[in-house]
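Structure record follows, encoded as structure tokens.
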Amino acid sequence: MKRIRKTGRQERFLRKLFLSCFPVFLIATSSLSASEPILIGSKKFTESYVLAEIAKRAIENAGVATEHRQGMGGTIILWQALSGEQIGLYPEYTGTISEEILKAPPSLSAEEMRERLASFGVGITGELGFNNTYALVMRRTIAEQKAIRSISDLRNHPELKLGLTHEFLDRRDGWGPLAEKYRLPTQNIVGIDHGLGYEALRNGSIDVKDAYSTDAKIGENDLIVLEDDLQFFPRYKAVFLYRLNLPPEVVAILRRMEGTLDEKRMIQLNAEAERTKDYARAADLYFRDANSPRATSIGEPFAHKLRRWTLRHLQLAGLSLLLSILIGIPLGIAASRGGWIGQVILGFVGAVQTIPSLALLALLVPLPFFGISVRTAIAALFLYGLLPIVRNTATGLQDIAQPVRESAIALGLEPAARLWKIYLPIASRSILGGIKTSAVINIATATLAALIGAGGLGEPILSGLNLNDHVTILQGAIPAAVLALLVQWGFDLLDRLLIPKGLRL
Amino acid sequence: MDSLVQLTGVSKTYGSALALHPTDLNFARGKTTVLIGPSGCGKSTLLRLIIRLLDPDAGSIRFDGATITSENIPELRRRIGYVIQDGGLFPHLTARKNVLLMASHLRWPLPKMETRLAELCALTRFPESALDRFPLELSGGQRQRISLMRALMLSPELLLLDEPLGALDPLVRAALQKDLKEIFARLKQTAILVTHDLAEAAYLGDEIVLMNEGRVEQRGTVDDLRMKPASSFVTDFINAQRGLALI
Ligand SMILES: Nc1ncnc2c1ncn2[C@@H]1O[C@H](COP(=O)(O)OP(=O)(O)OP(=O)(O)O)[C@@H](O)[C@H]1O
Ligand SMILES: [Mg+2]
């Protein structure tokens with residue numbers, strides 16, 4: 001008779017476990033946002049990382065704590081994070097500010113820009129110096145030999161072969177209007193891939209190509225940027241956008257960086273970042289050249305980083321899974337009863353699954369409770385994890401044989417007791433299967449949390465993708481794959497513990 | 001006569017198909033009444049109406065003097081046992097836990113449960129050593145014995161059995177028929193049993209209710225049906241069954 005008592009205890013334990021999970025989640029997520037350093041955002045490319053790292057170093061040298069949320073989604077996510085007071089500052093480009101953020105014509109004056117940003121509570125520093133825009137580049141030796149310094153100079157050299165990317169050939173602000181404005185000869189043009197173009201320049205099969213003006217390759221290949229003397233290309237001058245309510249001393253530090261970075265310098269820093277795969281080192285270089293007090297290099301040991309990434313990853317995947325279970329099982333129970341409610345529930349969780357992850361993040365970031373935070377990542381993962389649990393709970397319950405159902409009713413068990421003692425245990429295999437799927441999906445998808453600066457193993461993956469550095473990518477990808485396997489095995493063990501033996505015969 | 005269950009004008013349609021015409025029927029206390037008739041004549045429907053797995057379209061059903069309603073049925077169900085053809089045992093629970101489920105749900109003291117379980121094992125001749133097996137580890141006959149024990153656990157005043165022996169081979173079936181008869185007699189059990197088999201009906205039933213197409217054709221003993229058939233359907237039904245028995 002011991003068995004009987006044990007069943008009761010197990011059940012009460014499970015119920016308590018369920019009830020106690022929710023507060024745990026709330027505490028865990030709120031503790032994540034307890035301390036208040038200044039958050040610095042950056043976009044998903046080398047230059048943005050480096051600029052953010054420089055700002056971080058400068059501010060920390062003044063004794064103010066900061067945190068760098070690396071490589072967040074894109075302009076929209078960063079802008080929403082800044083205007084929604086989720087981050088304190090991030091590097092941006094003037095062209096992007098007028099076109100994408102303020103949706104204004106490129107003729108917007110600096111003063112007008114400042115005023116319109118102020119209405120969002122956002123300030124803008126002066127230009128840092130360099131202009132990151134389209135440019136035409138050529139080998140220094142040839143340029144010097146032919147005395148070419150500006151794009152206008154090309155007019156007299158129809159013999160030069162131009163290798164242009166297909167995108168540049170097609171763009172509204174690309175080759176067509178450029179050639180028209182400068183009245184350039186158009187005989188010697190070939191379309192060529194961006195990467196191959198540098199190779200072609202090196203071996204002399206082309207003489208001129210298009211590039212971004214601060215591309216690290218320009219320095220590496222000893223190329224020069226031809227001056228845009230008729231100012232054809234839109235100006236993408238780097239600045240920092242910051243919250244107007246930042247402490248004045250922090251703003252002063254940012255403003256001290258105005259005019260300190262010309263194209264040549266930025267190209268060097270980008271090259272250093274790509275060579276060393278280390279943005280902090282590149283930032284170091286800035287301070288060294290600027291004769292500023294050199295920031296101490298804080299190279300974090302790999303084991304440390306791995307631990308930090310993995311713990312955060314597990315936290316993200318674990319908490320979101322817990323939520324998916326707590327919400328998904330009741331939803332699945334409701335859906336199993338069919339009718340329009342069931343249709344709505346299954347339709348909703350199915351539809352959520354089809355929203356691209358970046359879009360889902362962009363939808364959540366502007367909401368008051370979420371913003372750029374771990375909470376947003378958890379909420380997104382939770383939504384993605386719902387479908388397998390809801391669907392498996394619903395089908396597991398619907399698959400219970402009619403005679404079993406009717407026996408439970410005819411015995412005189414109340415509806416709640418039928419659910420707890422009969423239906424859920426019988427559906428447990430299917431429900432656990434759903435939870436397992438959800439857990440593995442969560443481990444895999446948690447890498448996207450890095451897009452909104454929530455950390456995890458996506459952090460090395462993102463920066464590795466951006467640096468085109470396979471080793472860094474693998475530093476995130478391998479642990480993520482191992483975690484997924486461990487989770488799978490863990491659940492196979494759990495199956496044996498939680499699925500009643502009578503169902504495993 | 002003192003009846004435990006009384007149906008008054010009870011009818012049931014599925015969609016547009018009439019499964020049970022308005023029916024008046026009483027079931028006497030302490031007696032075994034057998035419902036018999038061709039497939040689809042409404043026997044299962046009648047049992048399911050009594051235990052309210054189905055709501056009647058019209059009419060009322062009284063149990064022990066009280067009209068059954070959706071409010072009082074949860075209580076009443078604990079005074080009614082229900083056994084179906086394939087047992088409807090809970091696959092995740094051992095035989096023991098299947099039988100004890102309701103008692104432990106109602107927080108019976110352990111010794112009381114243990115005593116009752118031993119009694120039932122003796123009564124249904126179920127080997128106690130097999131109590132810790134799961135339904136899938138039992139034979140068909142053993143499963144029906146467990147199903148019967150589960151139905152009898154709370155000593156119900158009424159036992160409903162829907163073809164309890166339908167899926168068993170003839171030898172096991174004969175053994176269980178004998179055991180059922182003894183159990184009914186020993187417990188003075190009021191029972192309503194559905195079967196297809198006239199011999200089983202004659203052996204187990206104090207009284208037989210012969211149904212056809214959702215109506216009661218005739219009620220009485222086997223001899224009544226044989227000697228004083230109420231319609232040509234009754235004669236045909238009995239002859240058909242006798243023909244089968246001669247094979
Ligand atoms: N859920 C249902 N939906 C629609 N029609 C049903 C349903 N259940 C039973 N019926 C129909 O109601 C009639 C009576 O069914 P019932 O199950 O009571 O017959 P039965 O006498 O028990 O038959 P059998 O001996 O084959 O078990 C049949 O015509 C059957 O097809
Ligand atoms: Mg039937």
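Here's how to read the names in the structure tokens: chain A, B, ... by the order shown, residue numbers from 1 in each chain, ligand numbers from 1 in the order shown.
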Could you please select, counting only C-alpha atoms, the residues of chain A within 10 Å of chain B and state them as a count of residues only? 37
Return as a PyMOL selection string the full set of residues in segment 128-186 of chain B whose backbone-based DSSP assignment is alpha helix (DSSP H). chain B and resi 140-152+170-186
Take the selection from the previous step and output its residues with N, CA and C atoms, as a compact mmCIF listing (two decimals), in the first residue's frame.
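Contents of again08.txt, as written:
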```
# COMPACT_ATOMS: atom_id res chain seq x y z
N GLY B 140 -6.92 -11.12 -21.08
CA GLY B 140 -8.22 -10.50 -21.27
C GLY B 140 -9.17 -10.79 -20.11
N GLY B 141 -9.18 -12.05 -19.67
CA GLY B 141 -10.06 -12.43 -18.57
C GLY B 141 -9.67 -11.72 -17.28
N GLN B 142 -8.35 -11.64 -17.04
CA GLN B 142 -7.89 -10.94 -15.83
C GLN B 142 -8.26 -9.47 -15.88
N ARG B 143 -8.16 -8.90 -17.07
CA ARG B 143 -8.52 -7.48 -17.20
C ARG B 143 -9.98 -7.27 -16.83
N GLN B 144 -10.86 -8.20 -17.29
CA GLN B 144 -12.28 -8.04 -16.97
C GLN B 144 -12.53 -8.21 -15.47
N ARG B 145 -11.73 -9.10 -14.84
CA ARG B 145 -11.89 -9.26 -13.38
C ARG B 145 -11.50 -7.97 -12.66
N ILE B 146 -10.40 -7.34 -13.14
CA ILE B 146 -9.98 -6.08 -12.52
C ILE B 146 -11.02 -4.99 -12.75
N SER B 147 -11.56 -4.97 -13.97
CA SER B 147 -12.58 -3.98 -14.28
C SER B 147 -13.79 -4.16 -13.35
N LEU B 148 -14.12 -5.44 -13.10
CA LEU B 148 -15.24 -5.75 -12.20
C LEU B 148 -14.91 -5.32 -10.76
N MET B 149 -13.67 -5.63 -10.33
CA MET B 149 -13.26 -5.24 -8.98
C MET B 149 -13.31 -3.73 -8.82
N ARG B 150 -12.85 -3.01 -9.86
CA ARG B 150 -12.85 -1.55 -9.78
C ARG B 150 -14.29 -1.05 -9.64
N ALA B 151 -15.21 -1.67 -10.40
CA ALA B 151 -16.60 -1.24 -10.34
C ALA B 151 -17.23 -1.56 -8.98
N LEU B 152 -16.76 -2.68 -8.35
CA LEU B 152 -17.38 -3.11 -7.09
C LEU B 152 -16.75 -2.46 -5.86
N PRO B 170 -14.31 -18.81 -25.34
CA PRO B 170 -15.44 -19.51 -24.72
C PRO B 170 -15.14 -20.10 -23.34
N LEU B 171 -13.94 -20.63 -23.14
CA LEU B 171 -13.64 -21.26 -21.85
C LEU B 171 -13.58 -20.23 -20.74
N VAL B 172 -12.82 -19.15 -20.99
CA VAL B 172 -12.71 -18.08 -20.00
C VAL B 172 -14.09 -17.49 -19.76
N ARG B 173 -14.83 -17.36 -20.84
CA ARG B 173 -16.15 -16.76 -20.77
C ARG B 173 -17.07 -17.58 -19.87
N ALA B 174 -17.02 -18.89 -20.05
CA ALA B 174 -17.86 -19.77 -19.24
C ALA B 174 -17.47 -19.66 -17.77
N ALA B 175 -16.15 -19.61 -17.50
CA ALA B 175 -15.70 -19.51 -16.12
C ALA B 175 -16.19 -18.21 -15.49
N LEU B 176 -16.08 -17.12 -16.27
CA LEU B 176 -16.49 -15.83 -15.72
C LEU B 176 -17.99 -15.73 -15.54
N GLN B 177 -18.74 -16.38 -16.47
CA GLN B 177 -20.20 -16.40 -16.29
C GLN B 177 -20.56 -17.01 -14.95
N LYS B 178 -19.88 -18.11 -14.65
CA LYS B 178 -20.17 -18.82 -13.41
C LYS B 178 -19.82 -17.92 -12.21
N ASP B 179 -18.63 -17.29 -12.29
CA ASP B 179 -18.21 -16.41 -11.20
C ASP B 179 -19.16 -15.24 -11.02
N LEU B 180 -19.57 -14.64 -12.15
CA LEU B 180 -20.49 -13.50 -12.06
C LEU B 180 -21.77 -13.90 -11.36
N LYS B 181 -22.30 -15.07 -11.74
CA LYS B 181 -23.57 -15.52 -11.16
C LYS B 181 -23.42 -15.64 -9.64
N GLU B 182 -22.30 -16.26 -9.22
CA GLU B 182 -22.04 -16.41 -7.78
C GLU B 182 -21.93 -15.06 -7.09
N ILE B 183 -21.18 -14.16 -7.74
CA ILE B 183 -20.96 -12.83 -7.13
C ILE B 183 -22.28 -12.10 -6.97
N PHE B 184 -23.10 -12.10 -8.04
CA PHE B 184 -24.39 -11.42 -7.97
C PHE B 184 -25.23 -12.00 -6.85
N ALA B 185 -25.21 -13.32 -6.75
CA ALA B 185 -26.05 -13.97 -5.73
C ALA B 185 -25.53 -13.61 -4.34
N ARG B 186 -24.20 -13.75 -4.16
CA ARG B 186 -23.62 -13.49 -2.84
C ARG B 186 -23.86 -12.07 -2.39
```
Which residues of chain B have any atom within 7 Å of an atom in ligand 2 when counting only C-alpha atoms and all ligand atoms, and what is the closest pair of atoms for each, with the distance in Å to one decimal? Order the rows by chain and rising number and write it as a tab-separated table.
```
residue	atom	partner	partner_atom_place_in_ligand_line	distance
B:Gly40	CA	ligand 2	1 (Mg)	6.9
B:Lys43	CA	ligand 2	1 (Mg)	5.7
B:Ser44	CA	ligand 2	1 (Mg)	4.1
B:Asp162	CA	ligand 2	1 (Mg)	6.6
```
Restricting the output to N, CA, C and O atoms, write the selected residues as a CSV table (one decimal), in the first residue's frame.
```
chain,number,residue,atom,x,y,z
B,40,GLY,N,-27.1,-2.6,-32.4
B,40,GLY,CA,-27.6,-1.3,-32.8
B,40,GLY,C,-29.0,-1.1,-32.2
B,40,GLY,O,-29.6,-0.1,-32.6
B,43,LYS,N,-29.1,-0.9,-26.7
B,43,LYS,CA,-28.7,-1.4,-25.3
B,43,LYS,C,-27.7,-0.6,-24.6
B,43,LYS,O,-27.9,-0.1,-23.5
B,44,SER,N,-26.6,-0.4,-25.3
B,44,SER,CA,-25.5,0.5,-24.7
B,44,SER,C,-26.0,1.9,-24.4
B,44,SER,O,-25.7,2.5,-23.4
B,162,ASP,N,-21.8,-3.7,-19.7
B,162,ASP,CA,-22.0,-3.7,-21.1
B,162,ASP,C,-21.2,-4.7,-21.8
B,162,ASP,O,-20.0,-4.5,-22.1
```
Within 7 Å of Asp24 of chain B, counting only C-alpha atoms, which residues show up once you throw out same-chain ones fewer than 5 positions away? Write them as a list in words, please.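 The neighbour list is Leu7, Thr8, Gly9 and Val10 of chain B.
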As an NGL selection string, please: every protein or nucleic acid residue near ligand 1 (cut-off 7 Å, counting only C-alpha atoms and all ligand atoms). :B and (14-15 or 17 or 19 or 37-46 or 196 or 214)
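Relative to atom CA of Ala273 of chain A, atom CA of Gln80 of chain A is found at 27.4 Å.
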Go through A:Leu314, A:Asp228, A:Gly396, A:Lys277 one by one, measure the shortest atom-to-atom distance of each to His470 of chain A using only C-alpha atoms, and give the residue with the smallest value.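 Under the stated criterion, the closest residue is A:Lys277.
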Point out the residue among A:Leu39, A:Leu261, A:Ala62, A:Leu162 with the least atom-to-atom distance to Tyr198 of chain A, counting only C-alpha atoms.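 Checking each candidate against Tyr198 of chain A, we get A:Leu162 as the closest.
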So that I can see what lies close to segment 455-469 of chain A, please list as a PyMOL selection string the residues with an atom at most 7 Å from it, counting only C-alpha atoms and leaving out residues fewer than 4 positions away in the same chain. chain A and resi 44-46+274+277+309-310+312-313+447-450+473+475-477+480
The selected residues should be written to file as a PDB file, in the first residue's frame (atoms: N, CA and C atoms).
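Contents of the output file selection.pdb:
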```
ATOM      1  N   LYS A  44      25.718  45.378 -36.146  1.00  0.00           N
ATOM      2  CA  LYS A  44      26.381  44.106 -36.445  1.00  0.00           C
ATOM      3  C   LYS A  44      27.503  44.225 -37.461  1.00  0.00           C
ATOM      4  N   PHE A  45      28.432  45.160 -37.318  1.00  0.00           N
ATOM      5  CA  PHE A  45      29.614  45.124 -38.185  1.00  0.00           C
ATOM      6  C   PHE A  45      30.800  45.735 -37.464  1.00  0.00           C
ATOM      7  N   THR A  46      31.962  45.361 -37.954  1.00  0.00           N
ATOM      8  CA  THR A  46      33.206  45.651 -37.255  1.00  0.00           C
ATOM      9  C   THR A  46      33.313  47.097 -36.778  1.00  0.00           C
ATOM     10  N   GLU A 274      39.934  43.307 -37.467  1.00  0.00           N
ATOM     11  CA  GLU A 274      39.749  42.108 -38.274  1.00  0.00           C
ATOM     12  C   GLU A 274      40.963  41.203 -38.209  1.00  0.00           C
ATOM     13  N   LYS A 277      40.929  39.835 -34.447  1.00  0.00           N
ATOM     14  CA  LYS A 277      39.617  39.325 -34.017  1.00  0.00           C
ATOM     15  C   LYS A 277      39.276  39.840 -32.624  1.00  0.00           C
ATOM     16  N   TRP A 309      29.110  32.815 -21.391  1.00  0.00           N
ATOM     17  CA  TRP A 309      28.170  32.592 -22.504  1.00  0.00           C
ATOM     18  C   TRP A 309      27.234  31.434 -22.197  1.00  0.00           C
ATOM     19  N   THR A 310      27.817  30.323 -21.717  1.00  0.00           N
ATOM     20  CA  THR A 310      27.020  29.118 -21.527  1.00  0.00           C
ATOM     21  C   THR A 310      25.981  29.320 -20.431  1.00  0.00           C
ATOM     22  N   ARG A 312      24.651  32.103 -19.425  1.00  0.00           N
ATOM     23  CA  ARG A 312      23.600  32.989 -19.899  1.00  0.00           C
ATOM     24  C   ARG A 312      22.678  32.254 -20.874  1.00  0.00           C
ATOM     25  N   HIS A 313      23.320  31.434 -21.720  1.00  0.00           N
ATOM     26  CA  HIS A 313      22.556  30.665 -22.696  1.00  0.00           C
ATOM     27  C   HIS A 313      21.551  29.752 -21.992  1.00  0.00           C
ATOM     28  N   THR A 447      20.627  31.490 -29.529  1.00  0.00           N
ATOM     29  CA  THR A 447      21.768  32.199 -30.102  1.00  0.00           C
ATOM     30  C   THR A 447      21.345  33.564 -30.655  1.00  0.00           C
ATOM     31  N   LEU A 448      20.046  33.695 -30.997  1.00  0.00           N
ATOM     32  CA  LEU A 448      19.642  34.975 -31.581  1.00  0.00           C
ATOM     33  C   LEU A 448      19.482  36.064 -30.532  1.00  0.00           C
ATOM     34  N   ALA A 449      19.541  35.668 -29.250  1.00  0.00           N
ATOM     35  CA  ALA A 449      19.452  36.666 -28.188  1.00  0.00           C
ATOM     36  C   ALA A 449      20.559  37.698 -28.326  1.00  0.00           C
ATOM     37  N   ALA A 450      21.695  37.266 -28.899  1.00  0.00           N
ATOM     38  CA  ALA A 450      22.823  38.189 -29.043  1.00  0.00           C
ATOM     39  C   ALA A 450      22.449  39.369 -29.930  1.00  0.00           C
ATOM     40  N   ILE A 473      33.325  31.690 -34.558  1.00  0.00           N
ATOM     41  CA  ILE A 473      31.982  31.137 -34.765  1.00  0.00           C
ATOM     42  C   ILE A 473      31.865  29.804 -34.037  1.00  0.00           C
ATOM     43  N   GLN A 475      33.491  28.739 -31.520  1.00  0.00           N
ATOM     44  CA  GLN A 475      33.503  28.894 -30.063  1.00  0.00           C
ATOM     45  C   GLN A 475      32.085  28.995 -29.504  1.00  0.00           C
ATOM     46  N   GLY A 476      31.168  29.477 -30.348  1.00  0.00           N
ATOM     47  CA  GLY A 476      29.779  29.529 -29.907  1.00  0.00           C
ATOM     48  C   GLY A 476      28.995  28.332 -30.420  1.00  0.00           C
ATOM     49  N   ALA A 477      29.274  27.946 -31.662  1.00  0.00           N
ATOM     50  CA  ALA A 477      28.446  26.923 -32.308  1.00  0.00           C
ATOM     51  C   ALA A 477      28.651  25.552 -31.680  1.00  0.00           C
ATOM     52  N   ALA A 480      26.990  25.259 -28.283  1.00  0.00           N
ATOM     53  CA  ALA A 480      25.530  25.250 -28.457  1.00  0.00           C
ATOM     54  C   ALA A 480      25.066  23.866 -28.908  1.00  0.00           C
TER      55      ALA A 480
END
```
